[in-house]
$ cat protein.cif   # mmCIF, C-alpha atoms
data_coords
loop_
_atom_site.label_atom_id
_atom_site.label_comp_id
_atom_site.auth_asym_id
_atom_site.auth_seq_id
_atom_site.Cartn_x
_atom_site.Cartn_y
_atom_site.Cartn_z
CA MET A 1 -37.69 22.81 28.62
CA LYS A 2 -39.08 21.99 25.19
CA THR A 3 -37.24 19.29 23.21
CA PHE A 4 -37.96 17.73 19.81
CA PRO A 5 -37.77 14.07 18.72
CA MET A 6 -35.05 13.16 16.21
CA LYS A 7 -33.22 10.04 15.04
CA LEU A 8 -29.56 9.42 15.80
CA VAL A 9 -28.11 7.17 13.11
CA THR A 10 -24.79 5.53 14.02
CA VAL A 11 -22.61 3.87 11.40
CA VAL A 12 -19.46 1.91 12.25
CA CYS A 13 -17.56 0.99 9.11
CA GLU A 14 -14.20 0.58 7.39
CA ALA A 15 -12.24 3.82 7.26
CA LEU A 16 -11.80 3.31 3.54
CA ALA A 17 -15.51 3.87 2.94
CA ARG A 18 -15.30 7.33 4.53
CA GLU A 19 -15.71 9.35 1.32
CA HIS A 20 -18.57 7.18 0.04
CA LEU A 21 -20.30 7.40 3.37
CA THR A 22 -20.07 11.14 3.94
CA ARG A 23 -21.28 11.71 0.38
CA ALA A 24 -24.29 9.47 1.03
CA LEU A 25 -25.06 11.39 4.24
CA THR A 26 -25.02 14.76 2.53
CA GLU A 27 -27.02 13.53 -0.47
CA GLU A 28 -29.74 12.07 1.74
CA GLY A 29 -30.14 15.39 3.53
CA ALA A 30 -28.03 15.34 6.69
CA HIS A 31 -26.81 18.79 7.70
CA GLY A 32 -23.73 17.60 9.52
CA TYR A 33 -22.14 14.65 11.26
CA THR A 34 -19.56 13.67 13.85
CA MET A 35 -16.86 11.19 12.94
CA PHE A 36 -14.15 9.46 14.94
CA THR A 37 -11.77 6.56 14.48
CA VAL A 38 -12.51 3.46 16.51
CA GLN A 39 -11.21 -0.06 16.89
CA GLY A 40 -12.70 -3.38 17.78
CA ALA A 41 -13.40 -6.83 16.45
CA GLY A 42 -16.21 -8.35 14.41
CA ALA A 43 -17.28 -10.92 11.86
CA LYS A 44 -14.61 -9.84 9.35
CA GLY A 45 -11.72 -10.04 11.84
CA SER A 46 -10.26 -7.68 14.41
CA ARG A 47 -9.66 -4.11 13.33
CA VAL A 48 -6.44 -3.21 15.03
CA ALA A 49 -6.33 0.23 13.40
CA ASP A 50 -2.54 0.17 13.11
CA ILE A 51 -2.73 1.58 9.61
CA GLU A 52 -5.34 4.27 9.15
CA GLU A 53 -6.79 2.78 5.97
CA PHE A 54 -7.44 -0.59 7.57
CA GLY A 55 -9.08 0.81 10.69
CA ASN A 56 -12.67 1.61 11.46
CA ILE A 57 -14.57 4.85 11.76
CA GLN A 58 -17.79 5.67 13.54
CA ILE A 59 -20.09 8.32 12.19
CA GLU A 60 -22.99 9.76 14.15
CA VAL A 61 -25.62 11.89 12.53
CA ILE A 62 -28.85 13.36 13.93
CA VAL A 63 -31.62 13.71 11.36
CA PRO A 64 -35.44 13.88 11.15
CA ALA A 65 -37.17 10.49 10.95
CA PRO A 66 -37.84 10.52 7.15
CA VAL A 67 -34.21 11.31 6.40
CA ALA A 68 -33.09 8.52 8.74
CA GLU A 69 -35.38 6.14 6.87
CA ARG A 70 -33.94 7.07 3.47
CA LEU A 71 -30.39 6.96 4.78
CA MET A 72 -30.75 3.49 6.30
CA GLU A 73 -32.30 2.17 3.08
CA ARG A 74 -29.42 3.53 1.04
CA LEU A 75 -26.83 2.11 3.42
CA GLN A 76 -28.51 -1.27 3.21
CA ARG A 77 -28.46 -1.14 -0.58
CA ASP A 78 -24.99 0.30 -1.24
CA PHE A 79 -22.82 -0.51 1.77
CA LEU A 80 -23.91 -3.64 3.58
CA PRO A 81 -23.18 -6.02 0.68
CA HIS A 82 -19.57 -4.83 0.23
CA PHE A 83 -18.16 -3.29 3.37
CA ALA A 84 -17.86 -4.35 6.98
CA VAL A 85 -20.57 -2.07 8.41
CA ILE A 86 -22.85 -1.81 11.41
CA VAL A 87 -25.79 0.60 11.29
CA TYR A 88 -28.31 1.40 13.97
CA GLU A 89 -30.68 4.20 14.89
CA THR A 90 -31.70 5.58 18.25
CA GLU A 91 -34.43 7.95 19.40
CA VAL A 92 -33.00 11.18 20.71
CA ARG A 93 -34.42 14.55 21.74
CA VAL A 94 -32.78 17.79 20.68
CA LEU A 95 -33.11 21.41 21.69
CA ARG A 96 -33.04 23.14 18.32
CA GLN A 97 -35.20 21.37 15.78
CA ASP A 98 -34.28 23.54 12.80
CA LYS A 99 -30.57 22.72 13.18
CA PHE A 100 -31.11 19.19 11.87
CA MET B 1 29.63 -18.62 0.45
CA GLU B 2 29.40 -15.04 -0.73
CA PHE B 3 25.63 -15.37 -0.94
CA PHE B 4 25.41 -16.32 2.74
CA GLU B 5 27.65 -13.36 3.59
CA ALA B 6 25.21 -11.14 1.68
CA ILE B 7 22.27 -12.56 3.62
CA LYS B 8 24.16 -12.02 6.87
CA THR B 9 24.92 -8.40 5.98
CA ASN B 10 21.23 -7.83 5.36
CA LEU B 11 19.97 -9.65 8.43
CA THR B 12 22.33 -7.80 10.75
CA SER B 13 21.46 -4.32 9.48
CA PRO B 14 19.62 -2.18 12.06
CA THR B 15 16.55 -1.83 9.85
CA ILE B 16 16.02 -5.57 9.47
CA LEU B 17 16.82 -6.30 13.11
CA PHE B 18 14.21 -3.75 14.17
CA PHE B 19 11.73 -5.39 11.79
CA VAL B 20 12.41 -8.73 13.48
CA LEU B 21 12.04 -7.03 16.86
CA GLY B 22 8.60 -5.82 15.79
CA VAL B 23 7.61 -9.34 14.73
CA VAL B 24 8.81 -10.68 18.09
CA ALA B 25 6.93 -7.95 19.95
CA THR B 26 3.68 -9.12 18.40
CA LEU B 27 4.38 -12.84 18.69
CA VAL B 28 5.11 -12.62 22.43
CA LYS B 29 2.10 -10.29 22.85
CA THR B 30 3.79 -7.27 24.41
CA ASP B 31 1.59 -4.23 24.85
CA LEU B 32 3.85 -2.24 22.51
CA ARG B 33 1.77 -0.17 20.09
CA PHE B 34 2.61 2.72 17.83
CA PRO B 35 -0.04 5.41 17.88
CA GLU B 36 -1.60 5.54 14.43
CA PRO B 37 -0.60 9.19 13.74
CA LEU B 38 3.04 8.25 14.34
CA TYR B 39 2.79 5.54 11.67
CA LEU B 40 1.33 8.12 9.32
CA GLY B 41 4.02 10.66 10.20
CA LEU B 42 6.86 8.19 9.63
CA THR B 43 5.41 7.14 6.25
CA MET B 44 5.14 10.76 5.17
CA TYR B 45 8.70 11.50 6.24
CA LEU B 46 10.09 8.50 4.36
CA LEU B 47 8.12 9.23 1.18
CA VAL B 48 8.99 12.93 1.16
CA ALA B 49 12.67 12.28 1.91
CA ILE B 50 13.18 9.67 -0.82
CA GLY B 51 11.03 11.58 -3.31
CA PHE B 52 13.02 14.75 -2.68
CA LYS B 53 16.40 13.04 -2.92
CA GLY B 54 15.27 11.21 -6.06
CA GLY B 55 14.16 14.49 -7.63
CA VAL B 56 17.55 16.07 -6.94
CA ALA B 57 19.18 13.01 -8.54
CA VAL B 58 16.96 13.33 -11.61
CA SER B 59 17.97 16.98 -12.02
CA ALA B 60 21.65 16.00 -11.69
CA ALA B 61 21.43 13.11 -14.18
CA GLY B 62 19.15 14.95 -16.60
CA VAL B 63 15.77 13.80 -17.81
CA SER B 64 17.37 12.27 -20.91
CA ALA B 65 19.08 9.64 -18.72
CA VAL B 66 15.94 8.81 -16.77
CA TRP B 67 13.06 8.57 -19.21
CA LEU B 68 13.89 5.24 -20.85
CA PRO B 69 14.40 3.15 -17.69
CA ALA B 70 11.41 4.92 -16.09
CA LEU B 71 9.23 4.00 -19.06
CA ALA B 72 10.46 0.41 -18.90
CA ALA B 73 9.68 0.30 -15.17
CA MET B 74 6.18 1.62 -15.78
CA ALA B 75 5.55 -0.91 -18.56
CA LEU B 76 6.80 -3.74 -16.36
CA GLY B 77 4.41 -2.68 -13.59
CA ALA B 78 1.53 -2.67 -16.05
CA ILE B 79 2.21 -6.11 -17.55
CA ILE B 80 3.02 -8.07 -14.37
CA PRO B 81 -0.73 -8.45 -13.66
CA LEU B 82 -1.27 -9.88 -17.16
CA TRP B 83 0.51 -13.13 -16.32
CA SER B 84 -0.14 -13.09 -12.57
CA TYR B 85 -3.89 -13.05 -13.17
CA PRO B 86 -4.12 -16.33 -15.14
CA ILE B 87 -1.79 -18.01 -12.64
CA LEU B 88 -4.01 -16.98 -9.73
CA ARG B 89 -7.16 -17.79 -11.64
CA PHE B 90 -6.28 -21.16 -13.16
CA VAL B 91 -3.46 -22.56 -11.03
CA GLY B 92 -4.70 -21.12 -7.75
CA LYS B 93 -8.37 -21.59 -8.71
CA LEU B 94 -9.22 -18.24 -7.12
CA PRO B 95 -12.40 -16.33 -8.01
CA ALA B 96 -11.83 -13.85 -10.84
CA VAL B 97 -12.29 -10.75 -8.72
CA ASP B 98 -9.81 -11.96 -6.08
CA ALA B 99 -7.28 -12.87 -8.77
CA ALA B 100 -7.64 -9.37 -10.26
CA ALA B 101 -7.18 -7.67 -6.88
CA ILE B 102 -4.11 -9.76 -5.97
CA CYS B 103 -2.38 -9.32 -9.34
CA ALA B 104 -2.75 -5.53 -8.97
CA HIS B 105 -0.82 -5.72 -5.68
CA TYR B 106 2.06 -7.64 -7.26
CA GLY B 107 2.35 -5.30 -10.24
CA SER B 108 2.29 -2.28 -7.94
CA VAL B 109 5.22 -1.61 -5.62
CA SER B 110 6.16 -1.25 -1.97
CA ALA B 111 8.07 1.92 -1.13
CA VAL B 112 9.47 0.47 2.09
CA THR B 113 10.90 -2.57 0.29
CA PHE B 114 12.56 -0.18 -2.16
CA ILE B 115 13.98 1.93 0.67
CA ALA B 116 15.30 -1.20 2.39
CA ALA B 117 16.97 -2.22 -0.89
CA VAL B 118 18.62 1.20 -1.21
CA SER B 119 19.96 1.07 2.32
CA TYR B 120 21.19 -2.49 1.69
CA LEU B 121 23.14 -1.31 -1.38
CA ASN B 122 24.53 1.59 0.65
CA GLU B 123 25.72 -0.82 3.29
CA LEU B 124 27.46 -2.95 0.65
CA GLN B 125 28.90 0.24 -0.91
CA GLN B 126 27.42 -0.86 -4.22
CA PRO B 127 26.83 2.17 -6.49
CA TYR B 128 23.38 2.61 -8.06
CA GLU B 129 21.44 5.23 -10.01
CA LYS B 130 20.18 7.64 -7.35
CA PHE B 131 17.29 8.64 -9.59
CA ALA B 132 15.80 5.12 -9.23
CA THR B 133 13.18 6.65 -6.91
CA ALA B 134 11.55 7.87 -10.11
CA PHE B 135 10.87 4.22 -11.02
CA LEU B 136 9.18 3.72 -7.66
CA ALA B 137 6.98 6.74 -8.31
CA VAL B 138 5.82 5.63 -11.76
CA MET B 139 5.35 1.94 -10.93
CA GLU B 140 2.75 2.36 -8.22
CA SER B 141 -0.33 3.17 -10.32
CA PRO B 142 -0.32 1.26 -13.66
CA ALA B 143 -0.91 -2.18 -12.12
CA ILE B 144 -3.72 -0.86 -9.93
CA ILE B 145 -5.56 0.38 -13.01
CA VAL B 146 -4.88 -2.85 -14.96
CA GLY B 147 -6.07 -4.92 -11.98
CA VAL B 148 -9.32 -2.97 -11.67
CA VAL B 149 -9.99 -3.32 -15.40
CA LEU B 150 -9.38 -7.10 -15.19
CA GLY B 151 -11.69 -7.34 -12.19
CA LYS B 152 -14.46 -5.36 -13.83
CA LEU B 153 -14.21 -7.33 -17.08
CA ALA B 154 -14.51 -10.55 -15.10
CA GLN B 155 -17.74 -9.50 -13.42
CA ARG B 156 -19.29 -7.42 -16.18
CA ARG B 157 -22.86 -8.20 -15.26
CA SER B 158 -22.72 -7.64 -11.52
CA GLY B 159 -21.17 -4.89 -9.44
CA SER B 160 -21.20 -1.14 -9.86
CA PRO B 161 -21.01 0.58 -13.26
CA PHE B 162 -17.64 0.48 -14.99
CA LYS B 163 -17.24 4.24 -15.41
CA SER B 164 -17.72 5.23 -11.78
CA VAL B 165 -15.46 2.39 -10.64
CA MET B 166 -12.71 3.47 -13.03
CA ARG B 167 -13.03 7.03 -11.72
CA VAL B 168 -12.43 5.79 -8.18
CA ALA B 169 -9.53 3.58 -9.31
CA LEU B 170 -7.88 6.38 -11.29
CA HIS B 171 -8.26 8.77 -8.40
CA GLU B 172 -6.81 6.29 -5.89
CA GLY B 173 -4.10 5.15 -8.30
CA LEU B 174 -2.93 8.56 -9.44
CA LEU B 175 -3.86 10.82 -6.54
CA GLY B 176 -3.74 8.50 -3.53
CA ARG B 177 -1.68 10.22 -0.85
CA SER B 178 1.41 8.02 -1.18
CA VAL B 179 1.63 8.53 -4.94
CA PHE B 180 0.92 12.23 -4.59
CA LEU B 181 3.53 12.78 -1.86
CA LEU B 182 6.18 10.83 -3.71
CA LEU B 183 5.61 12.45 -7.11
CA GLY B 184 5.19 15.89 -5.52
CA SER B 185 8.46 15.63 -3.57
CA LEU B 186 10.17 14.33 -6.69
CA VAL B 187 9.11 17.46 -8.58
CA VAL B 188 10.17 19.70 -5.65
CA GLY B 189 13.57 17.98 -5.51
CA PHE B 190 13.95 18.26 -9.28
CA LEU B 191 13.19 21.98 -9.19
CA CYS B 192 15.57 22.88 -6.33
CA GLY B 193 18.43 20.56 -7.29
CA GLN B 194 21.56 20.08 -5.22
CA ARG B 195 21.20 23.50 -3.54
CA GLY B 196 17.90 22.41 -2.03
CA LEU B 197 19.36 19.13 -0.83
CA ASP B 198 22.29 20.92 0.86
CA ALA B 199 19.83 23.17 2.67
CA THR B 200 17.65 20.30 3.97
CA ALA B 201 20.20 17.50 4.39
CA GLY B 202 20.10 17.85 8.18
CA PHE B 203 16.47 16.78 8.13
CA PHE B 204 16.06 14.61 5.05
CA VAL B 205 19.39 12.78 4.94
CA THR B 206 21.07 12.48 8.34
CA PRO B 207 18.17 11.06 10.43
CA PHE B 208 16.84 8.90 7.57
CA GLN B 209 18.28 5.53 8.63
CA GLY B 210 17.05 6.01 12.18
CA VAL B 211 13.53 6.87 11.07
CA LEU B 212 13.58 3.87 8.75
CA ALA B 213 14.57 1.60 11.64
CA LEU B 214 11.75 2.96 13.79
CA PHE B 215 9.30 2.51 10.93
CA LEU B 216 10.37 -1.07 10.34
CA LEU B 217 9.84 -1.84 14.02
CA GLU B 218 6.23 -0.83 13.46
CA MET B 219 6.07 -2.74 10.15
CA GLY B 220 7.25 -5.87 11.93
CA MET B 221 4.27 -5.58 14.26
CA VAL B 222 1.85 -4.76 11.42
CA ALA B 223 3.03 -7.78 9.40
CA ALA B 224 3.06 -10.16 12.37
CA ARG B 225 -0.50 -9.22 13.36
CA ARG B 226 -1.55 -10.78 10.06
CA PHE B 227 0.43 -14.01 10.45
CA GLY B 228 -2.71 -15.59 11.92
CA ASP B 229 -4.46 -15.08 8.57
CA LEU B 230 -1.86 -17.25 6.82
CA ARG B 231 -3.94 -20.29 7.70
CA LYS B 232 -6.93 -18.72 5.96
CA VAL B 233 -5.21 -17.98 2.64
CA GLY B 234 -3.96 -21.49 1.96
CA PHE B 235 -0.76 -23.02 0.64
CA PHE B 236 -1.11 -21.74 -2.92
CA LEU B 237 -1.00 -18.05 -1.97
CA VAL B 238 1.96 -18.59 0.37
CA ALA B 239 3.89 -20.20 -2.50
CA PHE B 240 2.68 -17.48 -4.89
CA GLY B 241 3.84 -14.77 -2.45
CA VAL B 242 7.39 -16.13 -2.46
CA LEU B 243 7.85 -17.53 -5.99
CA MET B 244 6.31 -14.69 -7.99
CA PRO B 245 8.58 -12.05 -6.40
CA ILE B 246 11.63 -14.17 -7.29
CA MET B 247 10.48 -14.46 -10.91
CA HIS B 248 9.61 -10.75 -11.12
CA GLY B 249 12.94 -9.86 -9.50
CA VAL B 250 14.84 -11.75 -12.18
CA ILE B 251 12.77 -10.17 -14.97
CA GLY B 252 13.31 -6.71 -13.46
CA ILE B 253 17.08 -7.19 -13.28
CA MET B 254 17.28 -8.36 -16.90
CA LEU B 255 15.11 -5.47 -18.04
CA GLY B 256 17.28 -3.09 -16.04
CA GLU B 257 20.38 -4.24 -17.85
CA LEU B 258 18.58 -4.01 -21.18
CA VAL B 259 17.72 -0.33 -20.66
CA GLY B 260 21.24 0.52 -19.58
CA LEU B 261 21.11 0.55 -15.78
CA SER B 262 24.14 -0.36 -13.68
CA LEU B 263 24.23 -3.47 -11.49
CA GLY B 264 22.86 -1.52 -8.50
CA GLY B 265 20.12 0.15 -10.54
CA ALA B 266 19.06 -3.14 -12.10
CA MET B 267 18.91 -4.72 -8.64
CA LEU B 268 16.63 -1.88 -7.52
CA LEU B 269 14.36 -2.33 -10.54
CA GLY B 270 14.28 -6.07 -9.78
CA THR B 271 13.34 -5.35 -6.17
CA LEU B 272 10.56 -3.02 -7.29
CA ALA B 273 9.20 -5.65 -9.68
CA ALA B 274 9.38 -8.22 -6.88
CA SER B 275 7.66 -6.07 -4.27
CA ALA B 276 3.93 -5.98 -3.64
CA SER B 277 2.02 -2.87 -2.64
CA TYR B 278 0.29 -2.93 0.70
CA ILE B 279 -0.95 0.66 1.06
CA ALA B 280 -2.00 2.16 -2.25
CA ALA B 281 -3.23 -1.07 -3.85
CA PRO B 282 -5.35 -2.38 -0.93
CA ALA B 283 -7.02 1.01 -0.57
CA ALA B 284 -7.75 1.22 -4.29
CA MET B 285 -9.01 -2.38 -4.46
CA ARG B 286 -11.24 -2.06 -1.42
CA LEU B 287 -12.98 0.89 -3.05
CA SER B 288 -13.02 -0.19 -6.70
CA LEU B 289 -13.41 -3.98 -6.29
CA PRO B 290 -15.16 -4.25 -2.92
CA GLU B 291 -16.30 -7.78 -3.82
CA ALA B 292 -12.71 -9.04 -3.56
CA ASN B 293 -11.71 -10.57 -0.24
CA PRO B 294 -9.23 -8.20 1.48
CA THR B 295 -7.79 -10.95 3.68
CA LEU B 296 -6.32 -12.64 0.61
CA TYR B 297 -4.50 -9.66 -0.87
CA LEU B 298 -3.48 -8.03 2.39
CA THR B 299 -2.09 -11.23 3.85
CA SER B 300 -0.13 -12.19 0.76
CA ALA B 301 1.35 -8.71 0.25
CA LEU B 302 1.95 -7.86 3.90
CA ALA B 303 2.51 -11.12 5.76
CA ILE B 304 4.26 -13.15 3.04
CA THR B 305 5.88 -11.09 0.28
CA PHE B 306 7.03 -8.08 2.31
CA PRO B 307 8.87 -10.05 5.04
CA PHE B 308 10.33 -12.42 2.43
CA ASN B 309 11.62 -9.58 0.27
CA ILE B 310 13.32 -7.55 2.95
CA THR B 311 15.00 -10.52 4.66
CA LEU B 312 15.96 -13.08 1.98
CA GLY B 313 14.77 -11.39 -1.21
CA LEU B 314 17.22 -8.48 -1.17
CA PRO B 315 20.39 -10.62 -0.93
CA LEU B 316 18.92 -12.97 -3.52
CA TYR B 317 18.21 -10.18 -6.04
CA TYR B 318 21.67 -8.77 -5.40
CA ALA B 319 23.24 -12.17 -6.08
CA VAL B 320 21.18 -12.59 -9.26
CA ALA B 321 22.18 -9.10 -10.43
CA ARG B 322 25.86 -9.85 -9.81
CA TRP B 323 25.54 -13.10 -11.70
CA TRP B 324 23.67 -11.49 -14.58
CA PHE B 325 26.24 -8.70 -14.85
CA GLY B 326 29.03 -11.30 -14.72
CA VAL B 327 30.58 -10.10 -11.47
CA THR B 328 30.51 -13.38 -9.54
CA PRO B 329 32.26 -16.42 -10.96
#
$ encode --input "protein.cif" --output "structure tokens"
Amino acid sequence: MKTFPMKLVTVVCEALAREHLTRALTEEGAHGYTMFTVQGAGAKGSRVADIEEFGNIQIEVIVPAPVAERLMERLQRDFLPHFAVIVYETEVRVLRQDKF
Amino acid sequence: MEFFEAIKTNLTSPTILFFVLGVVATLVKTDLRFPEPLYLGLTMYLLVAIGFKGGVAVSAAGVSAVWLPALAAMALGAIIPLWSYPILRFVGKLPAVDAAAICAHYGSVSAVTFIAAVSYLNELQQPYEKFATAFLAVMESPAIIVGVVLGKLAQRRSGSPFKSVMRVALHEGLLGRSVFLLLGSLVVGFLCGQRGLDATAGFFVTPFQGVLALFLLEMGMVAARRFGDLRKVGFFLVAFGVLMPIMHGVIGIMLGELVGLSLGGAMLLGTLAASASYIAAPAAMRLSLPEANPTLYLTSALAITFPFNITLGLPLYYAVARWWFGVTP
């Protein structure tokens, strides 16, 4: 079966940054994303997620490599200094290249 | 003696006992947890129910009776940050942006504290203006906007551009979901009047105290989870979180009398002035002043001021109101 290389960018961040984040994704050229609420602990304290606004979300988005590059740069510039965020990218292979 | 009776009445009400139970649940590390959607559902129910009932009360009393005290409440909310900020900045030696974020929380209000005050007055059979919910609705946003302006002025050179930040702050302050739900239900209640309340009383009135008790059980856990952060915020903020509410409570009660409220209504305005927002304000500050440290404002509003107000604050404001209105010898 033929598959195509893509980048999976994963962002774990404060739920409050949701609007900012989804706007950044769309503006940098992502065609869609998956988002879910998560909990855990990190450098800025544990995120018990008892109140939605103080919890964490995780967003996963599959994009071509150049888009991933732009997106990560923008996150580094606009989000990392202010919010509790973790960003990482992974190599993935997809079936339908044009979907992303 | 009467003051201790008043404290006892408050501390033995089901709502406060459930709050304490929530605190205990967290301190002894039970595995009790409310699912997050339940928290959200309970908040929505409480906001809609009090907004709706308040709206019906406004339609019964007439807008002419409400506008002056509501305007006074709004003005009080807007100016509280103006003296809280220098205190935080120069007495507490806090960074400007943190001082701005914290003072916004103390000017803004806590709906749950207000609801607890109303149920306390009900328990004491003390009459009050039922339209006081309107004060709650208009006091939430002004301080948030003032706080953001103070914060942006303090860090003019750094941070994001003023205009876009103000847009976020205005949106959060005026259209955040708690403000929207409360104001929206107030309008709905105003439009349907008593007929609408009769039709929905089985849902909005009868189960209210029970839902409030359940919600405060959760709030006890939410507050207690942040007790650990008390060590991080330092002695000054702990003192600030107790003393400022007392001062604001007294100012609110005096202002209430000045604009013609009854003893009960003035006590409610005092409680509103004393309360600190922990939903709308933190969300707005995190987005508009992300440089401010959230541990400081969340801990002081949620782990210090909120528990103080609903346990000892309410009887204290009631005693002050009675004294100010010349009821107690």
$ residues_near_point --input "protein.cif" --point "(7.4, -5.5, 4.4)" --cutoff "7 Å" --atoms "all atoms listed in the file" --output "list in words"
Val112, Thr113, Met219, Leu302, Phe306, Pro307 and Ile310 of chain B
$ closest_residue --input "protein.cif" --among "A:Arg18, A:Lys2, A:Lys99, A:His82" --to "Val63 in chain A" --atoms "all atoms listed in the file"
A:Lys99
$ resolve_selection --input "protein.cif" --expression "the PyMOL selection byres ((chain B and resi 94-104) around 8)" --output "PyMOL selection string"
chain B and resi 80-82+84-86+88-90+92-93+105-108+143-148+150-152+154-155+281+285+289+291-293+296-297
$ atom_distance --input "protein.cif" --atom1 "CA of Tyr120 in chain B" --atom2 "CA of Ala73 in chain B"
20.6 Å
$ resolve_selection --input "protein.cif" --expression "the PyMOL selection byres ((chain B and resi 224) around 9)" --output "PyMOL selection string"
chain B and resi 22-27+219-223+225-228+302-303
$ atom_distance --input "protein.cif" --atom1 "CA of Phe114 in chain B" --atom2 "CA of His171 in chain B"
23.5 Å
$ interface_residues --input "protein.cif" --of "chain B" --to "chain A" --cutoff "10 Å" --atoms "all atoms listed in the file" --output "PyMOL selection string"
chain B and resi 33-40+159-160+218-219+221-222+225+229+279-280+282-284+286-287+289-295+298
$ atom_distance --input "protein.cif" --atom1 "CA of Ser110 in chain B" --atom2 "CA of Phe135 in chain B"
11.6 Å
$ build_atoms --input "protein.cif" --residues "range 308-325 of chain B" --atoms "N, CA and C atoms" --output "PDB file, in the coordinates of the input"
ATOM      1  N   PHE B 308       9.410 -11.635   3.253  1.00  0.00           N
ATOM      2  CA  PHE B 308      10.330 -12.420   2.430  1.00  0.00           C
ATOM      3  C   PHE B 308      11.313 -11.504   1.710  1.00  0.00           C
ATOM      4  N   ASN B 309      10.762 -10.470   1.053  1.00  0.00           N
ATOM      5  CA  ASN B 309      11.620  -9.580   0.270  1.00  0.00           C
ATOM      6  C   ASN B 309      12.689  -8.901   1.100  1.00  0.00           C
ATOM      7  N   ILE B 310      12.303  -8.336   2.248  1.00  0.00           N
ATOM      8  CA  ILE B 310      13.320  -7.550   2.950  1.00  0.00           C
ATOM      9  C   ILE B 310      14.337  -8.422   3.695  1.00  0.00           C
ATOM     10  N   THR B 311      14.015  -9.685   3.965  1.00  0.00           N
ATOM     11  CA  THR B 311      15.000 -10.520   4.660  1.00  0.00           C
ATOM     12  C   THR B 311      15.856 -11.329   3.669  1.00  0.00           C
ATOM     13  N   LEU B 312      15.205 -12.216   2.893  1.00  0.00           N
ATOM     14  CA  LEU B 312      15.960 -13.080   1.980  1.00  0.00           C
ATOM     15  C   LEU B 312      15.957 -12.556   0.553  1.00  0.00           C
ATOM     16  N   GLY B 313      14.899 -11.866   0.162  1.00  0.00           N
ATOM     17  CA  GLY B 313      14.770 -11.390  -1.210  1.00  0.00           C
ATOM     18  C   GLY B 313      15.908 -10.469  -1.624  1.00  0.00           C
ATOM     19  N   LEU B 314      16.191  -9.467  -0.800  1.00  0.00           N
ATOM     20  CA  LEU B 314      17.220  -8.480  -1.170  1.00  0.00           C
ATOM     21  C   LEU B 314      18.567  -9.133  -1.485  1.00  0.00           C
ATOM     22  N   PRO B 315      19.121  -9.982  -0.583  1.00  0.00           N
ATOM     23  CA  PRO B 315      20.390 -10.620  -0.930  1.00  0.00           C
ATOM     24  C   PRO B 315      20.283 -11.498  -2.174  1.00  0.00           C
ATOM     25  N   LEU B 316      19.115 -12.122  -2.348  1.00  0.00           N
ATOM     26  CA  LEU B 316      18.920 -12.970  -3.520  1.00  0.00           C
ATOM     27  C   LEU B 316      18.964 -12.140  -4.809  1.00  0.00           C
ATOM     28  N   TYR B 317      18.230 -11.015  -4.827  1.00  0.00           N
ATOM     29  CA  TYR B 317      18.210 -10.180  -6.040  1.00  0.00           C
ATOM     30  C   TYR B 317      19.596  -9.610  -6.309  1.00  0.00           C
ATOM     31  N   TYR B 318      20.310  -9.296  -5.225  1.00  0.00           N
ATOM     32  CA  TYR B 318      21.670  -8.770  -5.400  1.00  0.00           C
ATOM     33  C   TYR B 318      22.561  -9.842  -6.023  1.00  0.00           C
ATOM     34  N   ALA B 319      22.433 -11.084  -5.532  1.00  0.00           N
ATOM     35  CA  ALA B 319      23.240 -12.170  -6.080  1.00  0.00           C
ATOM     36  C   ALA B 319      22.905 -12.413  -7.551  1.00  0.00           C
ATOM     37  N   VAL B 320      21.588 -12.382  -7.869  1.00  0.00           N
ATOM     38  CA  VAL B 320      21.180 -12.590  -9.260  1.00  0.00           C
ATOM     39  C   VAL B 320      21.738 -11.474 -10.139  1.00  0.00           C
ATOM     40  N   ALA B 321      21.678 -10.226  -9.640  1.00  0.00           N
ATOM     41  CA  ALA B 321      22.180  -9.100 -10.430  1.00  0.00           C
ATOM     42  C   ALA B 321      23.681  -9.239 -10.672  1.00  0.00           C
ATOM     43  N   ARG B 322      24.417  -9.659  -9.639  1.00  0.00           N
ATOM     44  CA  ARG B 322      25.860  -9.850  -9.810  1.00  0.00           C
ATOM     45  C   ARG B 322      26.145 -10.944 -10.839  1.00  0.00           C
ATOM     46  N   TRP B 323      25.358 -12.006 -10.761  1.00  0.00           N
ATOM     47  CA  TRP B 323      25.540 -13.100 -11.700  1.00  0.00           C
ATOM     48  C   TRP B 323      25.205 -12.647 -13.131  1.00  0.00           C
ATOM     49  N   TRP B 324      24.116 -11.932 -13.263  1.00  0.00           N
ATOM     50  CA  TRP B 324      23.670 -11.490 -14.580  1.00  0.00           C
ATOM     51  C   TRP B 324      24.660 -10.504 -15.194  1.00  0.00           C
ATOM     52  N   PHE B 325      25.266  -9.664 -14.348  1.00  0.00           N
ATOM     53  CA  PHE B 325      26.240  -8.700 -14.850  1.00  0.00           C
ATOM     54  C   PHE B 325      27.646  -9.306 -14.911  1.00  0.00           C
TER      55      PHE B 325
END
